[in-house]
Protein chains: 2
Amino acid sequence: MLVDKIRNRESGIILYGIVPPKKGTPPERVAEIAALQKQRIAPLPVDGLILYDIQDEESRTSEERPFPFMETLDCFDYSRNQLADLDMPKILYRASGKYSEEELTEFLQQASDTENMTVFVGASSKDQPVTMSIHEAYALKQRVRPELLIGGVTIPERHRAKGNEHLRVLEKIREGCSFFVSQGVYDLQASKDFLSDYYYYSREHAIPMVPIIFTLTPCGSVQTLNFMKWLGISIPRWLENELVNAHDILEESVNYSEQNWKDLKAFADKLGIPVGCNIESVAVRKVEVEASIELLQRIANR
Amino acid sequence: MLVDKIRNRESGIILYGIVPPKKGTPPERVAEIAALQKQRIAPLPVDGLILYDIQDEESRTSEERPFPFMETLDCFDYSRNQLADLDMPKILYRASGKYSEEELTEFLQQASDTENMTVFVGASSKDQPVTMSIHEAYALKQRVRPELLIGGVTIPERHRAKGNEHLRVLEKIREGCSFFVSQGVYDLQASKDFLSDYYYYSREHAIPMVPIIFTLTPCGSVQTLNFMKWLGISIPRWLENELVNAHDILEESVNYSEQNWKDLKAFADKLGIPVGCNIESVAVRKVEVEASIELLQRIANR
């Protein structure tokens with residue numbers, strides 16, 4: 001059970017991440033998409049499913065978004081209405097600054113503490129208007145549903161510039177987070193830098209570490225690559241060159257993601273840091289989604 | 001023969017680097033040191049020996065130098081007077097801004113074009129007073145001894161900040177350089193970033209690549225680590241943590257250096273970039289020098 005694995009701070013958790021269909025999709029089409037997703041996901045050797053809550057990040061950067069922003073169906077509604085018979089725990093994302101206190105309270109009260117978990121996502125920039133700060137959202141959750149497991153978001157790239165991502169994670173642990181899910185990871189060195197400081201700081205201060213789940217995402221085109229960069233995913237220069245010049249960018253990106261995970265896992269295992277991985281496709285193209293399934297199977301079968 | 005390997009742009013060149021004894025060392029002691037160095041170096045499976053020309057880099061940084069600066073004996077004199085019977089090509093470094101045009105001309109005229117090569121080192125900062133720029137020194141060499149092989153210095157870390165190290169290298173190739181020796185390398189990602197841009201730019205412009213020789217140097221103490229950082233060697237955060245917390249920092253640094261070389265070589269081989277390595281000890285402690293020999297043997301025996 002995922003809940004137990006997280007409470008026991010286990011290493012090796014594997015998740016798969018999806019985005020609900022976009023808002024305005026006709027109900028029959030929603031049902032079709034859900035059927036297809038369930039067919040794909042049910043046989044996967046995963047511990048749980050992440051359902052994202054997409055927010056428009058236009059205030060984060062002035063660069064044009066390579067793919068248009070599309071609002072999606074509410075992931076909790078979609079999970080309950082369409083994926084109820086998909087027998088695995090669901091981790092429901094909540095861009096906490098989008099909801100009123102009442103809405104977030106209602107969500108927390110309705111979530112199952114065995115079949116659901118949540119991850120709150122804060123504002124994507126200081127300029128984004130929010131109903132409440134992420135810290136207020138954490139406090140609300142601790143008041144309303146202390147027993148519900150909640151995770152935090154971590155961005156290892158941030159550690160390169162600021163060097164304090166491990167302290168942000170440790171603060172969120174104090175605020176109630178029991179696991180972390182990273183943004184998509186292509187920068188192995190930044191991820192190791194963050195894990196290393198997380199480990200040595202926790203050891204020095206005798207703080208038990210919680211699982212850090214790294215997100216891996218295949219890249220099937222230069223457009224997807226640009227979208228990942230737009231999302232703030234840092235891609236080492238050499239890897240960008242290799243992908244752009246690859247005969248088969250998708251296959252190469254799956255190979256590099258598998259290798260990155262292998263290296264990260266070996267590094268974490270050596271120090272005893274609990275890590276896991278979450279595989280998703282940032283693009284909706286069929287071949288990219290299928291590549292994410294292949295990546296997951298390769299990793300699960302290691 | 002090293003000269004042929006460089007002219008043929010071969011991969012896999014292995015060098016060992018030393019610093020001559022410090023100025024003012026009594027002649028008997030110089031002879032003793034030379035005997036010891038020859039004994040160590042003669043059996044090594046290397047293509048050549050680098051002799052450094054140390055310059056005071058105090059203008060480069062305001063931070064205190066962890067080890068005191070000591071002027072050394074002239075490396076060409078030391079090579080001719082003490083190491084003549086060490087049967088391997090010697091690569092003589094010249095901090096070109098230290099010498100008058102006459103001195104540098106005399107050096108170039110006396111160097112052997114089969115048994116010697118040279119590497120010119122430019123100013124360590126814009127504030128360092130110099131007799132001539134590195135470009136003037138290259139031009140002088142091309143006038144005086146066009147047939148003598150000359151190498152350039154490359155600093156892969158610079159590529160991370162400026163992204164143009166490959167263009168600097170290509171400019172130096174136009175100025176006559178036939179190979180490059182890096183500063184000590186601990187930052188694998190920066191080295192791969194530089195190599196990748198070097199490769200794709202050269203391919204696009206149909207410029208034949210020359211060998212890039214990466215310098216590896218063991219680290220036997222936190223003081224040496226700080227000295228390497230003072231020298232401008234970038235050490236990833238995770239690796240610094242691992243070294244500082246290691247039971248045996250020297251052994252760990254040898255392991256990581258070997259692994260870095262293995263990864264760099266595999267990356268370069270895949271693309272067909274000619275690379276080599278140069279092993280040195282930045283510290284003079286016996287255990288650190290011996291560790292550099294061990295590292296060299298491990299790499300040569302791969």
# chains A, B, ... in the order shown; residues from 1 in each chain; ligands from 1
$ interface_residues --of "chain B" --to "chain A" --cutoff "7 Å" --atoms "only C-alpha atoms" --output "MDAnalysis selection string"
chainID B and resid 192:193 196 237:238 241
$ select_by_dssp --residues "range 34-171 of chain A" --states "helix (DSSP H, G or I)" --output "short mmCIF file (atom, residue, chain, number, x, y, z; two decimals) with all heavy atoms, in the first residue's frame"
data_model
loop_
_atom_site.label_atom_id
_atom_site.label_comp_id
_atom_site.auth_asym_id
_atom_site.auth_seq_id
_atom_site.Cartn_x
_atom_site.Cartn_y
_atom_site.Cartn_z
N ALA A 34 -11.25 8.43 -20.61
CA ALA A 34 -11.07 7.75 -19.32
C ALA A 34 -10.90 6.24 -19.53
O ALA A 34 -10.03 5.60 -18.90
CB ALA A 34 -12.26 8.03 -18.41
N ALA A 35 -11.70 5.69 -20.44
CA ALA A 35 -11.60 4.25 -20.70
C ALA A 35 -10.21 3.90 -21.23
O ALA A 35 -9.59 2.91 -20.82
CB ALA A 35 -12.68 3.83 -21.70
N LEU A 36 -9.72 4.74 -22.14
CA LEU A 36 -8.40 4.53 -22.73
C LEU A 36 -7.31 4.64 -21.65
O LEU A 36 -6.39 3.81 -21.59
CB LEU A 36 -8.18 5.60 -23.82
CG LEU A 36 -7.08 5.34 -24.83
CD1 LEU A 36 -7.45 4.15 -25.70
CD2 LEU A 36 -6.85 6.58 -25.70
N GLN A 37 -7.42 5.66 -20.80
CA GLN A 37 -6.42 5.85 -19.74
C GLN A 37 -6.42 4.66 -18.79
O GLN A 37 -5.36 4.16 -18.40
CB GLN A 37 -6.69 7.15 -18.98
CG GLN A 37 -6.28 8.41 -19.79
CD GLN A 37 -6.45 9.71 -19.01
OE1 GLN A 37 -7.35 9.82 -18.18
NE2 GLN A 37 -5.59 10.68 -19.30
N LYS A 38 -7.62 4.19 -18.42
CA LYS A 38 -7.70 3.06 -17.49
C LYS A 38 -7.09 1.80 -18.10
O LYS A 38 -6.37 1.07 -17.43
CB LYS A 38 -9.16 2.80 -17.10
CG LYS A 38 -9.67 3.80 -16.09
CD LYS A 38 -11.04 3.46 -15.58
CE LYS A 38 -12.10 3.87 -16.61
NZ LYS A 38 -13.46 3.78 -16.04
N GLN A 39 -7.37 1.62 -19.38
CA GLN A 39 -6.82 0.46 -20.08
C GLN A 39 -5.28 0.49 -20.07
O GLN A 39 -4.63 -0.52 -19.87
CB GLN A 39 -7.33 0.51 -21.53
CG GLN A 39 -7.22 -0.79 -22.29
CD GLN A 39 -7.60 -0.57 -23.77
OE1 GLN A 39 -8.07 0.52 -24.14
NE2 GLN A 39 -7.40 -1.58 -24.58
N ARG A 40 -4.73 1.68 -20.27
CA ARG A 40 -3.28 1.87 -20.26
C ARG A 40 -2.68 1.68 -18.88
O ARG A 40 -1.62 1.10 -18.72
CB ARG A 40 -2.94 3.31 -20.69
CG ARG A 40 -2.59 3.46 -22.14
CD ARG A 40 -1.77 4.71 -22.39
NE ARG A 40 -1.91 5.10 -23.79
CZ ARG A 40 -2.64 6.12 -24.21
NH1 ARG A 40 -3.27 6.91 -23.35
NH2 ARG A 40 -2.71 6.37 -25.50
N ILE A 41 -3.37 2.26 -17.89
CA ILE A 41 -2.76 2.39 -16.56
C ILE A 41 -2.98 1.16 -15.68
O ILE A 41 -2.10 0.79 -14.91
CB ILE A 41 -3.32 3.67 -15.86
CG1 ILE A 41 -2.90 4.91 -16.66
CG2 ILE A 41 -2.85 3.76 -14.42
CD1 ILE A 41 -3.68 6.16 -16.32
N CYS A 75 -9.57 17.51 -11.24
CA CYS A 75 -9.00 16.16 -11.19
C CYS A 75 -9.68 15.27 -10.13
O CYS A 75 -9.71 14.06 -10.27
CB CYS A 75 -7.48 16.21 -11.02
SG CYS A 75 -6.89 16.74 -9.41
N PHE A 76 -10.23 15.89 -9.08
CA PHE A 76 -10.91 15.07 -8.06
C PHE A 76 -12.23 14.55 -8.62
O PHE A 76 -12.55 13.37 -8.49
CB PHE A 76 -11.12 15.90 -6.78
CG PHE A 76 -11.55 15.10 -5.58
CD1 PHE A 76 -11.23 13.75 -5.45
CD2 PHE A 76 -12.28 15.70 -4.56
CE1 PHE A 76 -11.62 13.01 -4.33
CE2 PHE A 76 -12.68 14.98 -3.44
CZ PHE A 76 -12.36 13.63 -3.33
N ASP A 77 -12.98 15.45 -9.29
CA ASP A 77 -14.22 15.01 -9.95
C ASP A 77 -13.91 13.91 -10.96
O ASP A 77 -14.60 12.88 -11.01
CB ASP A 77 -14.87 16.19 -10.69
CG ASP A 77 -15.44 17.22 -9.72
OD1 ASP A 77 -15.59 16.87 -8.53
OD2 ASP A 77 -15.70 18.36 -10.14
N TYR A 78 -12.90 14.14 -11.77
CA TYR A 78 -12.55 13.17 -12.81
C TYR A 78 -12.17 11.83 -12.18
O TYR A 78 -12.58 10.76 -12.65
CB TYR A 78 -11.39 13.73 -13.64
CG TYR A 78 -10.98 12.85 -14.80
CD1 TYR A 78 -11.83 12.63 -15.89
CD2 TYR A 78 -9.73 12.23 -14.83
CE1 TYR A 78 -11.46 11.83 -16.96
CE2 TYR A 78 -9.34 11.44 -15.89
CZ TYR A 78 -10.21 11.23 -16.95
OH TYR A 78 -9.83 10.43 -18.00
N SER A 79 -11.41 11.90 -11.11
CA SER A 79 -10.99 10.68 -10.41
C SER A 79 -12.19 9.91 -9.88
O SER A 79 -12.30 8.69 -10.04
CB SER A 79 -10.04 11.07 -9.27
OG SER A 79 -9.81 9.98 -8.41
N ARG A 80 -13.12 10.63 -9.25
CA ARG A 80 -14.29 9.96 -8.64
C ARG A 80 -15.29 9.48 -9.69
O ARG A 80 -15.85 8.40 -9.58
CB ARG A 80 -15.00 10.91 -7.67
CG ARG A 80 -14.20 11.12 -6.40
CD ARG A 80 -14.96 11.99 -5.43
NE ARG A 80 -15.11 13.37 -5.92
CZ ARG A 80 -15.63 14.35 -5.20
NH1 ARG A 80 -16.09 14.13 -3.98
NH2 ARG A 80 -15.72 15.57 -5.69
N ASN A 81 -15.49 10.33 -10.72
CA ASN A 81 -16.55 10.01 -11.69
C ASN A 81 -16.10 9.02 -12.76
O ASN A 81 -16.89 8.26 -13.29
CB ASN A 81 -17.03 11.28 -12.39
CG ASN A 81 -17.61 12.26 -11.39
OD1 ASN A 81 -18.03 11.85 -10.30
ND2 ASN A 81 -17.62 13.54 -11.73
N GLN A 82 -14.80 9.09 -13.10
CA GLN A 82 -14.35 8.30 -14.26
C GLN A 82 -13.36 7.20 -13.91
O GLN A 82 -13.24 6.22 -14.65
CB GLN A 82 -13.71 9.24 -15.30
CG GLN A 82 -14.61 10.38 -15.77
CD GLN A 82 -15.76 9.88 -16.66
OE1 GLN A 82 -15.73 8.77 -17.19
NE2 GLN A 82 -16.80 10.70 -16.80
N SER A 96 -3.12 25.38 -4.79
CA SER A 96 -3.90 25.84 -3.64
C SER A 96 -4.35 27.30 -3.77
O SER A 96 -5.40 27.66 -3.24
CB SER A 96 -3.11 25.62 -2.35
OG SER A 96 -1.82 26.15 -2.44
N GLY A 97 -3.59 28.11 -4.48
CA GLY A 97 -3.94 29.52 -4.62
C GLY A 97 -5.14 29.79 -5.52
O GLY A 97 -5.61 30.92 -5.63
N LYS A 98 -5.66 28.72 -6.19
CA LYS A 98 -6.82 28.87 -7.08
C LYS A 98 -8.15 28.77 -6.33
O LYS A 98 -9.19 29.11 -6.87
CB LYS A 98 -6.84 27.70 -8.12
CG LYS A 98 -5.95 27.83 -9.27
CD LYS A 98 -6.29 26.94 -10.49
CE LYS A 98 -6.94 25.60 -10.30
NZ LYS A 98 -6.86 24.76 -11.54
N GLU A 101 -10.97 29.18 0.72
CA GLU A 101 -10.78 28.33 1.89
C GLU A 101 -11.89 27.28 1.97
O GLU A 101 -11.64 26.13 2.33
CB GLU A 101 -10.77 29.21 3.15
CG GLU A 101 -10.35 28.43 4.37
CD GLU A 101 -10.15 29.31 5.60
OE1 GLU A 101 -9.66 30.46 5.45
OE2 GLU A 101 -10.49 28.84 6.70
N GLU A 102 -13.11 27.67 1.60
CA GLU A 102 -14.26 26.75 1.66
C GLU A 102 -14.07 25.61 0.65
O GLU A 102 -14.30 24.44 0.97
CB GLU A 102 -15.57 27.49 1.35
CG GLU A 102 -15.99 28.50 2.41
CD GLU A 102 -15.04 29.70 2.53
OE1 GLU A 102 -14.46 30.15 1.50
OE2 GLU A 102 -14.82 30.17 3.66
N GLU A 103 -13.67 25.98 -0.57
CA GLU A 103 -13.48 24.96 -1.59
C GLU A 103 -12.39 23.96 -1.19
O GLU A 103 -12.55 22.74 -1.32
CB GLU A 103 -13.08 25.61 -2.93
CG GLU A 103 -14.21 26.36 -3.62
CD GLU A 103 -13.71 27.25 -4.78
OE1 GLU A 103 -12.57 27.75 -4.71
OE2 GLU A 103 -14.48 27.42 -5.74
N LEU A 104 -11.28 24.47 -0.67
CA LEU A 104 -10.18 23.59 -0.31
C LEU A 104 -10.57 22.72 0.90
O LEU A 104 -10.24 21.53 0.95
CB LEU A 104 -8.92 24.42 0.00
CG LEU A 104 -7.59 23.69 -0.17
CD1 LEU A 104 -7.41 23.14 -1.59
CD2 LEU A 104 -6.41 24.61 0.17
N THR A 105 -11.32 23.32 1.82
CA THR A 105 -11.79 22.56 3.00
C THR A 105 -12.70 21.41 2.55
O THR A 105 -12.55 20.27 3.01
CB THR A 105 -12.57 23.50 3.95
OG1 THR A 105 -11.69 24.54 4.37
CG2 THR A 105 -13.09 22.75 5.17
N GLU A 106 -13.60 21.72 1.65
CA GLU A 106 -14.53 20.69 1.16
C GLU A 106 -13.75 19.55 0.48
O GLU A 106 -14.02 18.36 0.72
CB GLU A 106 -15.51 21.32 0.17
CG GLU A 106 -16.70 20.43 -0.11
CD GLU A 106 -17.60 21.02 -1.21
OE1 GLU A 106 -17.14 21.11 -2.37
OE2 GLU A 106 -18.74 21.38 -0.90
N PHE A 107 -12.78 19.94 -0.35
CA PHE A 107 -11.95 18.92 -1.00
C PHE A 107 -11.26 18.03 0.04
O PHE A 107 -11.28 16.80 -0.05
CB PHE A 107 -10.90 19.60 -1.90
CG PHE A 107 -9.73 18.72 -2.24
CD1 PHE A 107 -9.87 17.66 -3.14
CD2 PHE A 107 -8.50 18.92 -1.63
CE1 PHE A 107 -8.80 16.83 -3.43
CE2 PHE A 107 -7.42 18.09 -1.93
CZ PHE A 107 -7.57 17.05 -2.82
N LEU A 108 -10.67 18.67 1.04
CA LEU A 108 -9.92 17.91 2.05
C LEU A 108 -10.86 16.97 2.82
O LEU A 108 -10.48 15.83 3.13
CB LEU A 108 -9.23 18.88 3.03
CG LEU A 108 -8.03 19.64 2.44
CD1 LEU A 108 -7.64 20.81 3.35
CD2 LEU A 108 -6.84 18.71 2.22
N GLN A 109 -12.07 17.44 3.10
CA GLN A 109 -13.02 16.61 3.86
C GLN A 109 -13.49 15.40 3.06
O GLN A 109 -13.74 14.34 3.61
CB GLN A 109 -14.23 17.46 4.29
CG GLN A 109 -13.89 18.35 5.49
CD GLN A 109 -14.92 19.45 5.72
OE1 GLN A 109 -15.68 19.80 4.82
NE2 GLN A 109 -14.91 19.99 6.93
N GLN A 110 -13.55 15.58 1.74
CA GLN A 110 -14.08 14.49 0.92
C GLN A 110 -13.02 13.48 0.48
O GLN A 110 -13.35 12.37 0.07
CB GLN A 110 -14.79 15.08 -0.32
CG GLN A 110 -16.05 15.84 0.07
CD GLN A 110 -16.73 16.46 -1.13
OE1 GLN A 110 -16.32 16.28 -2.26
NE2 GLN A 110 -17.81 17.20 -0.88
N ILE A 134 0.82 29.11 0.09
CA ILE A 134 0.98 27.67 0.27
C ILE A 134 1.07 27.32 1.77
O ILE A 134 0.57 26.29 2.21
CB ILE A 134 2.22 27.16 -0.52
CG1 ILE A 134 2.33 25.64 -0.49
CG2 ILE A 134 3.53 27.76 -0.01
CD1 ILE A 134 1.84 24.98 -1.73
N HIS A 135 1.65 28.22 2.55
CA HIS A 135 1.80 27.95 3.99
C HIS A 135 0.43 27.98 4.68
O HIS A 135 0.15 27.16 5.56
CB HIS A 135 2.75 28.96 4.62
CG HIS A 135 4.06 29.00 3.90
ND1 HIS A 135 4.98 27.97 3.98
CD2 HIS A 135 4.60 29.92 3.05
CE1 HIS A 135 6.02 28.27 3.20
NE2 HIS A 135 5.81 29.44 2.64
N GLU A 136 -0.43 28.91 4.26
CA GLU A 136 -1.80 28.94 4.80
C GLU A 136 -2.55 27.68 4.38
O GLU A 136 -3.32 27.13 5.17
CB GLU A 136 -2.54 30.19 4.28
CG GLU A 136 -2.00 31.48 4.91
CD GLU A 136 -2.46 32.75 4.18
OE1 GLU A 136 -2.77 32.69 2.96
OE2 GLU A 136 -2.48 33.80 4.81
N ALA A 137 -2.31 27.21 3.16
CA ALA A 137 -2.98 26.00 2.69
C ALA A 137 -2.52 24.78 3.51
O ALA A 137 -3.35 23.96 3.92
CB ALA A 137 -2.69 25.78 1.20
N TYR A 138 -1.21 24.70 3.79
CA TYR A 138 -0.71 23.60 4.62
C TYR A 138 -1.35 23.64 6.02
O TYR A 138 -1.74 22.61 6.57
CB TYR A 138 0.81 23.67 4.77
CG TYR A 138 1.60 23.26 3.53
CD1 TYR A 138 2.77 23.94 3.17
CD2 TYR A 138 1.20 22.18 2.75
CE1 TYR A 138 3.50 23.56 2.05
CE2 TYR A 138 1.93 21.79 1.62
CZ TYR A 138 3.08 22.49 1.28
OH TYR A 138 3.81 22.12 0.20
N ALA A 139 -1.45 24.86 6.57
CA ALA A 139 -2.01 24.99 7.92
C ALA A 139 -3.48 24.57 7.92
O ALA A 139 -3.94 23.90 8.85
CB ALA A 139 -1.85 26.45 8.40
N LEU A 140 -4.19 24.96 6.88
CA LEU A 140 -5.61 24.57 6.74
C LEU A 140 -5.74 23.05 6.70
O LEU A 140 -6.57 22.45 7.40
CB LEU A 140 -6.18 25.19 5.45
CG LEU A 140 -7.62 24.83 5.09
CD1 LEU A 140 -8.58 25.46 6.11
CD2 LEU A 140 -7.97 25.29 3.68
N LYS A 141 -4.92 22.42 5.89
CA LYS A 141 -4.97 20.96 5.78
C LYS A 141 -4.70 20.30 7.14
O LYS A 141 -5.39 19.33 7.51
CB LYS A 141 -3.94 20.51 4.73
CG LYS A 141 -3.94 19.02 4.43
CD LYS A 141 -2.78 18.32 5.13
CE LYS A 141 -3.13 16.90 5.47
NZ LYS A 141 -2.20 16.32 6.43
N GLN A 142 -3.71 20.83 7.87
CA GLN A 142 -3.38 20.23 9.17
C GLN A 142 -4.54 20.38 10.16
O GLN A 142 -4.75 19.52 11.00
CB GLN A 142 -2.09 20.85 9.76
CG GLN A 142 -0.81 20.51 9.00
CD GLN A 142 -0.46 19.03 8.99
OE1 GLN A 142 -1.15 18.21 8.37
NE2 GLN A 142 0.62 18.66 9.68
N ARG A 143 -5.28 21.47 10.04
CA ARG A 143 -6.46 21.67 10.91
C ARG A 143 -7.61 20.76 10.50
O ARG A 143 -8.23 20.10 11.32
CB ARG A 143 -6.98 23.11 10.77
CG ARG A 143 -6.31 24.14 11.66
CD ARG A 143 -7.16 25.40 11.85
NE ARG A 143 -7.73 25.96 10.63
CZ ARG A 143 -7.06 26.74 9.78
NH1 ARG A 143 -5.78 27.03 10.00
NH2 ARG A 143 -7.66 27.22 8.71
N VAL A 144 -7.90 20.72 9.18
CA VAL A 144 -9.11 20.05 8.68
C VAL A 144 -8.94 18.54 8.59
O VAL A 144 -9.84 17.78 8.95
CB VAL A 144 -9.49 20.62 7.30
CG1 VAL A 144 -10.68 19.88 6.70
CG2 VAL A 144 -9.77 22.11 7.39
N PRO A 156 14.57 20.63 -8.06
CA PRO A 156 16.02 20.51 -7.82
C PRO A 156 16.84 21.59 -8.53
O PRO A 156 17.86 22.03 -8.01
CB PRO A 156 16.34 19.12 -8.37
CG PRO A 156 15.07 18.36 -8.29
CD PRO A 156 13.99 19.37 -8.55
N GLU A 157 16.37 22.03 -9.71
CA GLU A 157 17.10 23.08 -10.43
C GLU A 157 17.29 24.33 -9.59
O GLU A 157 18.25 25.08 -9.76
CB GLU A 157 16.36 23.51 -11.69
CG GLU A 157 16.47 22.55 -12.83
CD GLU A 157 15.32 21.56 -12.86
OE1 GLU A 157 14.73 21.31 -11.78
OE2 GLU A 157 15.03 21.05 -13.94
N ARG A 158 16.30 24.61 -8.74
CA ARG A 158 16.35 25.80 -7.91
C ARG A 158 17.57 25.75 -6.99
O ARG A 158 18.08 26.77 -6.56
CB ARG A 158 15.07 25.84 -7.07
CG ARG A 158 14.45 27.17 -6.94
CD ARG A 158 12.96 27.16 -6.66
NE ARG A 158 12.46 26.10 -5.80
CZ ARG A 158 11.14 25.93 -5.56
NH1 ARG A 158 10.26 26.74 -6.11
NH2 ARG A 158 10.73 24.96 -4.80
N HIS A 159 18.00 24.51 -6.67
CA HIS A 159 19.12 24.35 -5.75
C HIS A 159 20.40 24.89 -6.36
O HIS A 159 21.28 25.37 -5.64
CB HIS A 159 19.30 22.87 -5.41
CG HIS A 159 20.09 22.67 -4.15
ND1 HIS A 159 19.71 23.18 -2.95
CD2 HIS A 159 21.26 22.01 -3.92
CE1 HIS A 159 20.59 22.83 -2.02
NE2 HIS A 159 21.55 22.14 -2.58
N ARG A 160 20.51 24.78 -7.68
CA ARG A 160 21.74 25.25 -8.34
C ARG A 160 21.92 26.75 -8.11
O ARG A 160 23.01 27.21 -7.79
CB ARG A 160 21.67 24.91 -9.83
CG ARG A 160 22.77 25.56 -10.62
CD ARG A 160 23.14 24.75 -11.84
NE ARG A 160 23.77 23.49 -11.45
CZ ARG A 160 23.83 22.42 -12.24
NH1 ARG A 160 23.31 22.47 -13.44
NH2 ARG A 160 24.43 21.33 -11.82
N ALA A 161 20.84 27.50 -8.28
CA ALA A 161 20.95 28.96 -8.16
C ALA A 161 20.95 29.40 -6.70
O ALA A 161 21.73 30.26 -6.31
CB ALA A 161 19.80 29.63 -8.92
N LYS A 162 20.04 28.81 -5.89
CA LYS A 162 19.84 29.34 -4.55
C LYS A 162 20.50 28.50 -3.46
O LYS A 162 20.75 29.00 -2.36
CB LYS A 162 18.34 29.47 -4.26
CG LYS A 162 17.66 30.41 -5.27
CD LYS A 162 16.25 30.76 -4.83
CE LYS A 162 15.61 31.73 -5.84
NZ LYS A 162 14.17 31.88 -5.64
N GLU A 165 17.25 24.51 -1.57
CA GLU A 165 16.07 23.69 -1.83
C GLU A 165 15.86 22.67 -0.71
O GLU A 165 14.71 22.34 -0.36
CB GLU A 165 16.19 23.01 -3.19
CG GLU A 165 14.92 22.31 -3.68
CD GLU A 165 13.73 23.24 -3.95
OE1 GLU A 165 13.92 24.46 -4.04
OE2 GLU A 165 12.61 22.72 -4.04
N HIS A 166 16.95 22.17 -0.13
CA HIS A 166 16.81 21.19 0.96
C HIS A 166 16.15 21.86 2.19
O HIS A 166 15.39 21.23 2.91
CB HIS A 166 18.16 20.57 1.32
CG HIS A 166 19.17 21.55 1.82
ND1 HIS A 166 19.57 22.66 1.09
CD2 HIS A 166 19.90 21.59 2.97
CE1 HIS A 166 20.50 23.33 1.77
NE2 HIS A 166 20.71 22.71 2.91
N LEU A 167 16.42 23.13 2.40
CA LEU A 167 15.81 23.83 3.55
C LEU A 167 14.32 24.09 3.29
O LEU A 167 13.51 24.01 4.21
CB LEU A 167 16.55 25.15 3.83
CG LEU A 167 18.05 25.00 4.14
CD1 LEU A 167 18.69 26.36 4.37
CD2 LEU A 167 18.25 24.10 5.37
N ARG A 168 13.99 24.37 2.02
CA ARG A 168 12.57 24.54 1.67
C ARG A 168 11.82 23.23 1.91
O ARG A 168 10.69 23.23 2.41
CB ARG A 168 12.42 24.94 0.20
CG ARG A 168 13.02 26.32 -0.09
CD ARG A 168 13.01 26.60 -1.59
NE ARG A 168 11.68 26.98 -2.04
CZ ARG A 168 11.42 28.09 -2.73
NH1 ARG A 168 12.39 28.92 -3.05
NH2 ARG A 168 10.20 28.37 -3.11
N VAL A 169 12.43 22.13 1.52
CA VAL A 169 11.82 20.81 1.71
C VAL A 169 11.65 20.53 3.21
O VAL A 169 10.58 20.07 3.65
CB VAL A 169 12.68 19.73 1.00
CG1 VAL A 169 12.46 18.35 1.59
CG2 VAL A 169 12.39 19.73 -0.51
N LEU A 170 12.67 20.83 3.97
CA LEU A 170 12.59 20.54 5.41
C LEU A 170 11.54 21.42 6.09
O LEU A 170 10.86 20.98 7.02
CB LEU A 170 13.97 20.68 6.06
CG LEU A 170 14.92 19.54 5.63
CD1 LEU A 170 16.38 19.92 5.85
CD2 LEU A 170 14.59 18.25 6.36
N GLU A 171 11.37 22.65 5.61
CA GLU A 171 10.32 23.50 6.16
C GLU A 171 8.94 22.91 5.84
O GLU A 171 8.06 22.88 6.69
CB GLU A 171 10.43 24.92 5.57
CG GLU A 171 9.45 25.88 6.25
CD GLU A 171 9.39 27.25 5.57
OE1 GLU A 171 10.16 27.49 4.62
OE2 GLU A 171 8.54 28.06 6.00
#
$ atom_distance --atom1 "CA of Asn116 in chain A" --atom2 "CA of Pro27 in chain A"
24.2 Å
$ closest_residue --among "A:Leu225, A:Ile18, A:Glu57, A:Val289" --to "Ser125 in chain A" --atoms "only C-alpha atoms"
A:Glu57
$ select_by_dssp --residues "range 99-261 of chain B" --states "strand (DSSP E or B)" --output "PyMOL selection string"
chain B and resi 116-121+150-154+177-184+212-216
$ atom_distance --atom1 "CA of Pro20 in chain B" --atom2 "CA of Phe69 in chain B"
13.5 Å
$ closest_residue --among "B:Cys277, B:Ile54, B:Ile91, B:Ala42" --to "Leu73 in chain B" --atoms "only C-alpha atoms"
B:Ile54
$ residues_around --residues "Lys265 in chain B" --least-positions-apart "3" --cutoff "9 Å" --atoms "only C-alpha atoms" --output "list in words"
Gly12, Asn260, Trp261, Lys262, Ala268, Asp269, Lys270, Ile273, Pro274, Val275 and Gly276 of chain B
$ write_last_selection --atoms "N, CA and C atoms" --output "short mmCIF file (atom, residue, chain, number, x, y, z; two decimals), in the first residue's frame"
data_model
loop_
_atom_site.label_atom_id
_atom_site.label_comp_id
_atom_site.auth_asym_id
_atom_site.auth_seq_id
_atom_site.Cartn_x
_atom_site.Cartn_y
_atom_site.Cartn_z
N GLY B 12 42.87 9.11 -26.71
CA GLY B 12 43.51 8.20 -25.78
C GLY B 12 44.91 8.57 -25.33
N ASN B 260 34.79 9.79 -13.54
CA ASN B 260 34.58 10.95 -14.42
C ASN B 260 35.25 10.72 -15.77
N TRP B 261 36.48 10.22 -15.73
CA TRP B 261 37.20 9.96 -16.98
C TRP B 261 36.48 8.91 -17.81
N LYS B 262 36.02 7.85 -17.13
CA LYS B 262 35.31 6.79 -17.82
C LYS B 262 34.07 7.35 -18.52
N ALA B 268 32.73 10.95 -25.31
CA ALA B 268 33.54 11.41 -26.45
C ALA B 268 33.62 10.32 -27.52
N ASP B 269 33.79 9.07 -27.09
CA ASP B 269 33.90 7.97 -28.06
C ASP B 269 32.63 7.83 -28.89
N LYS B 270 31.50 8.01 -28.22
CA LYS B 270 30.22 7.87 -28.92
C LYS B 270 30.12 8.87 -30.08
N ILE B 273 34.91 12.25 -30.65
CA ILE B 273 35.75 13.41 -30.29
C ILE B 273 37.06 12.87 -29.71
N PRO B 274 38.23 13.32 -30.24
CA PRO B 274 39.48 12.84 -29.67
C PRO B 274 39.74 13.46 -28.29
N VAL B 275 39.83 12.62 -27.27
CA VAL B 275 40.13 13.12 -25.92
C VAL B 275 41.27 12.31 -25.31
N GLY B 276 41.93 12.93 -24.35
CA GLY B 276 42.99 12.24 -23.63
C GLY B 276 42.94 12.68 -22.19
#
